[in-house]
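Data block for structure_31.cif (mmCIF, C-alpha atoms):
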data_model
#
loop_
_atom_site.label_atom_id
_atom_site.label_comp_id
_atom_site.auth_asym_id
_atom_site.auth_seq_id
_atom_site.Cartn_x
_atom_site.Cartn_y
_atom_site.Cartn_z
CA MET A 3 47.24 -3.49 55.89
CA GLN A 4 47.64 -2.55 52.23
CA ALA A 5 43.83 -2.55 51.86
CA ARG A 6 43.50 -0.13 54.73
CA ARG A 7 46.12 2.16 53.24
CA ALA A 8 44.16 2.25 50.01
CA GLU A 9 40.96 3.15 51.91
CA TRP A 10 42.75 6.03 53.60
CA GLY A 11 44.15 7.43 50.43
CA GLY A 12 47.41 5.50 50.40
CA THR A 13 49.06 6.96 53.52
CA PRO A 14 48.74 5.36 56.90
CA ALA A 15 47.57 7.61 59.73
CA THR A 16 50.12 7.69 62.51
CA PRO A 17 49.00 8.21 66.11
CA ALA A 18 51.15 11.34 66.36
CA ARG A 19 49.22 13.01 63.54
CA ARG A 20 45.70 12.03 64.58
CA GLY A 21 43.76 14.47 66.80
CA THR A 22 46.54 16.96 67.41
CA ILE A 23 45.91 20.61 67.99
CA SER A 24 47.82 21.55 64.84
CA GLN A 25 45.24 19.71 62.76
CA VAL A 26 42.41 21.57 64.46
CA THR A 27 43.91 25.02 64.04
CA SER A 28 45.52 24.46 60.68
CA THR A 29 42.24 24.53 58.80
CA PRO A 30 41.47 27.84 57.14
CA ALA A 31 38.13 28.17 58.97
CA ALA A 32 39.69 27.60 62.40
CA THR A 33 42.52 30.02 61.66
CA GLN A 34 40.04 32.65 60.51
CA HIS A 35 37.97 32.12 63.67
CA LEU A 36 41.05 32.71 65.86
CA HIS A 37 41.88 35.88 63.93
CA ASP A 38 38.27 37.07 64.32
CA LEU A 39 38.41 36.45 68.09
CA ALA A 40 41.60 38.50 68.35
CA ARG A 41 39.97 41.32 66.38
CA LEU A 42 36.86 41.16 68.57
CA ARG A 43 39.00 41.40 71.69
CA ARG A 44 40.68 44.50 70.26
CA VAL A 45 37.25 45.99 69.47
CA ARG A 46 36.07 45.30 73.02
CA ASP A 47 39.27 46.82 74.43
CA ARG A 48 38.77 49.90 72.24
CA ILE A 49 35.20 50.28 73.51
CA ASP A 50 36.46 49.99 77.11
CA ARG A 51 39.11 52.67 76.48
CA GLU A 52 37.15 55.09 74.30
CA TYR A 53 33.59 54.73 75.65
CA ALA A 54 33.25 58.50 76.00
CA GLN A 55 34.16 59.12 72.35
CA PRO A 56 31.59 59.04 69.54
CA LEU A 57 31.85 55.39 68.47
CA ASP A 58 29.60 53.57 66.04
CA VAL A 59 29.61 50.02 64.71
CA GLU A 60 30.85 51.12 61.28
CA ALA A 61 33.90 52.88 62.77
CA LEU A 62 34.64 49.90 65.02
CA ALA A 63 34.31 47.55 62.05
CA ARG A 64 36.66 49.65 59.92
CA GLY A 65 39.23 49.57 62.70
CA ALA A 66 38.95 45.77 62.87
CA HIS A 67 39.00 45.35 59.08
CA MET A 68 35.57 43.68 59.10
CA SER A 69 32.19 44.57 57.71
CA ALA A 70 29.73 46.06 60.19
CA GLY A 71 27.38 43.10 59.81
CA HIS A 72 30.13 40.54 60.37
CA LEU A 73 31.43 42.45 63.40
CA SER A 74 27.96 42.61 64.94
CA ARG A 75 27.25 38.90 64.38
CA GLU A 76 30.61 37.71 65.65
CA PHE A 77 30.67 40.11 68.62
CA ARG A 78 27.22 38.91 69.70
CA ARG A 79 28.32 35.29 69.30
CA ALA A 80 31.50 35.86 71.36
CA TYR A 81 30.18 38.20 74.09
CA GLY A 82 26.42 37.68 74.18
CA GLU A 83 25.47 41.22 73.16
CA SER A 84 25.94 43.60 70.25
CA PRO A 85 28.86 46.05 70.11
CA TYR A 86 26.40 48.91 70.63
CA GLY A 87 24.88 47.15 73.65
CA TYR A 88 28.34 46.59 75.12
CA LEU A 89 29.25 50.24 74.53
CA MET A 90 26.08 51.43 76.23
CA THR A 91 26.68 49.09 79.18
CA ARG A 92 30.17 50.55 79.63
CA ARG A 93 28.76 54.08 79.46
CA ILE A 94 26.08 53.25 82.01
CA GLU A 95 28.63 51.68 84.38
CA ARG A 96 30.72 54.85 84.22
CA ALA A 97 27.61 57.01 84.61
CA MET A 98 26.67 55.08 87.74
CA ALA A 99 30.06 55.89 89.27
CA LEU A 100 29.72 59.58 88.38
CA LEU A 101 26.16 59.73 89.74
CA ARG A 102 27.28 58.10 93.01
CA ARG A 103 29.78 60.95 93.47
CA GLY A 104 26.83 63.34 93.45
CA ASP A 105 28.63 66.45 92.17
CA LEU A 106 27.34 66.31 88.56
CA SER A 107 23.82 66.63 87.21
CA VAL A 108 22.28 63.84 85.15
CA THR A 109 22.73 65.92 81.99
CA GLU A 110 26.41 66.52 82.73
CA VAL A 111 26.93 62.82 83.39
CA CYS A 112 25.12 61.93 80.14
CA PHE A 113 27.51 64.02 78.06
CA ALA A 114 30.58 63.06 80.14
CA VAL A 115 30.12 59.37 79.25
CA GLY A 116 29.72 60.05 75.53
CA SER A 117 25.97 59.93 75.07
CA SER A 118 24.62 62.59 72.76
CA SER A 119 20.95 62.21 73.70
CA LEU A 120 19.66 62.61 77.24
CA GLY A 121 16.48 60.69 76.35
CA THR A 122 18.36 57.66 74.96
CA PHE A 123 20.76 57.75 77.89
CA SER A 124 17.91 57.84 80.43
CA SER A 125 16.01 55.05 78.70
CA ARG A 126 19.04 52.78 78.49
CA PHE A 127 20.04 53.61 82.08
CA THR A 128 16.54 52.66 83.27
CA GLU A 129 16.64 49.43 81.25
CA LEU A 130 19.97 48.32 82.71
CA VAL A 131 19.78 49.65 86.26
CA GLY A 132 16.06 49.37 86.92
CA MET A 133 15.50 53.02 87.86
CA PRO A 134 15.93 56.41 86.19
CA PRO A 135 19.31 58.16 86.61
CA SER A 136 17.84 60.92 88.77
CA THR A 137 16.39 58.38 91.22
CA TYR A 138 19.64 56.43 91.21
CA ARG A 139 21.59 59.61 91.97
CA ARG A 140 19.40 60.38 95.00
CA HIS A 141 19.54 56.89 96.46
CA ALA A 142 22.97 55.55 95.49
CA THR A 143 24.93 58.17 97.38
CA ARG A 144 23.34 57.07 100.65
CA ALA A 145 23.43 53.35 99.84
CA THR A 146 27.17 53.28 99.14
CA ALA A 147 28.25 55.75 101.83
CA GLY A 148 31.34 54.45 103.62
CA MET A 149 31.86 51.69 101.07
CA PRO A 150 35.21 51.54 99.24
CA PRO A 151 34.74 52.59 95.59
CA CYS A 152 35.90 49.20 94.26
CA VAL A 153 33.23 47.42 96.32
CA ALA A 154 30.56 49.99 95.41
CA LYS A 155 31.32 49.45 91.72
CA GLN A 156 30.95 45.68 92.05
CA VAL A 157 27.77 45.85 94.14
CA THR A 158 26.06 48.38 91.88
CA ARG A 159 27.16 46.92 88.50
CA PRO A 160 24.26 47.05 86.03
CA ILE A 161 22.57 43.88 84.87
CA ARG A 162 23.07 43.28 81.16
CA ASN A 163 20.70 42.05 78.50
CA ARG A 164 17.56 43.71 79.85
CA GLU A 165 17.38 41.56 82.97
CA ALA A 166 16.68 44.44 85.32
CA ARG A 167 13.11 44.98 86.40
CA VAL A 168 11.78 48.49 86.63
CA THR A 169 10.71 48.69 90.25
CA GLU A 170 11.14 51.06 93.13
CA PRO A 171 14.73 50.78 94.42
CA GLN A 172 15.59 48.82 97.53
CA LEU A 173 18.94 50.51 98.18
CA ALA A 174 19.08 51.24 101.87
#
Kindly transcribe the structure held in the file into structure tokens.
Amino acid sequence: MQARRAEWGGTPATPARRGTISQVTSTPAATQHLHDLARLRRVRDRIDREYAQPLDVEALARGAHMSAGHLSREFRRAYGESPYGYLMTRRIERAMALLRRGDLSVTEVCFAVGSSSLGTFSSRFTELVGMPPSTYRRHATRATAGMPPCVAKQVTRPIRNREARVTEPQLA
């Protein structure tokens, strides 16, 4: 037994100390990772709340006390897309709801969701939804008629990460 103690640095490992959660989270790297995840969640919550405001990665990073590069890398690792991609997805989801209402033009919707460029908005909308906003506006009102808004939102949620194909809509 004394030989084993010497191999282990002189202190025997007790079963209560081996493999506990405190050992896993007590390392500086694990603690930092947990703090980063909490910061990333706050960044995501801020994007969800303030999607219509002019947000950029640098401002989000400053608010999370991280560098822009670190925020982008960690956000992508945690959520599968960049902060900018997540922001644009939120804006497009909100735009879809406004376009389904049918009382605003595409340009009005673009600026209402915080986009400053109609061209960028239309391109991103087409990427995520699979059709231009004007086409979506014409067809979505009929397709979701009589559907509760919460169901319409779920059924028409955009596909993330460029998975949508640009084809003629099959909405009716």
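With atom CA of Ala66 of chain A on one side and atom CA of Ala80 of chain A on the other, the separation reads 15.0 Å.
For the atom pair formed by atom CA of His67 of chain A and atom CA of Val45 of chain A, the distance is 10.6 Å, given to one decimal.
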Step by step, work through what the PyMOL selection byres ((chain A and resi 104-111) around 8) selects in the shown file, and finish by giving those residues as a PyMOL selection string.
chain A and resi 97+100-103+112-115+120+135-136+139+143
From the list A:Asp38, A:Ala54, A:Gly148, A:Val131, the nearest residue to Arg75 of chain A using all atoms listed in the file is A:Asp38
Exercise. Quick one: pull the distance between atom CA of Tyr86 of chain A and atom CA of Ser124 of chain A, Å, one decimal.
Key: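 Spanning atom CA of Tyr86 of chain A to atom CA of Ser124 of chain A is a straight-line distance of 15.7 Å.
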Any chance you could resolve the PyMOL selection byres ((chain A and resi 73) around 10) against this file and give the residues as a CSV table (one decimal) with C-alpha atoms, in the coordinates of the input?
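Result written to expr_28.csv:
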chain,number,residue,atom,x,y,z
A,38,ASP,CA,38.3,37.1,64.3
A,41,ARG,CA,40.0,41.3,66.4
A,42,LEU,CA,36.9,41.2,68.6
A,45,VAL,CA,37.2,46.0,69.5
A,59,VAL,CA,29.6,50.0,64.7
A,60,GLU,CA,30.8,51.1,61.3
A,62,LEU,CA,34.6,49.9,65.0
A,63,ALA,CA,34.3,47.6,62.0
A,64,ARG,CA,36.7,49.6,59.9
A,66,ALA,CA,39.0,45.8,62.9
A,67,HIS,CA,39.0,45.4,59.1
A,68,MET,CA,35.6,43.7,59.1
A,69,SER,CA,32.2,44.6,57.7
A,70,ALA,CA,29.7,46.1,60.2
A,71,GLY,CA,27.4,43.1,59.8
A,72,HIS,CA,30.1,40.5,60.4
A,74,SER,CA,28.0,42.6,64.9
A,75,ARG,CA,27.2,38.9,64.4
A,76,GLU,CA,30.6,37.7,65.6
A,77,PHE,CA,30.7,40.1,68.6
A,78,ARG,CA,27.2,38.9,69.7
A,79,ARG,CA,28.3,35.3,69.3
A,84,SER,CA,25.9,43.6,70.2
A,85,PRO,CA,28.9,46.0,70.1
task = Can you give me, as a PyMOL selection string, the residues this file yields under the PyMOL selection byres ((chain A and resi 87) around 12)?
result = chain A and resi 46+49+53+57-59+74+77-78+81-86+88-94+126-127+129-130+161-164
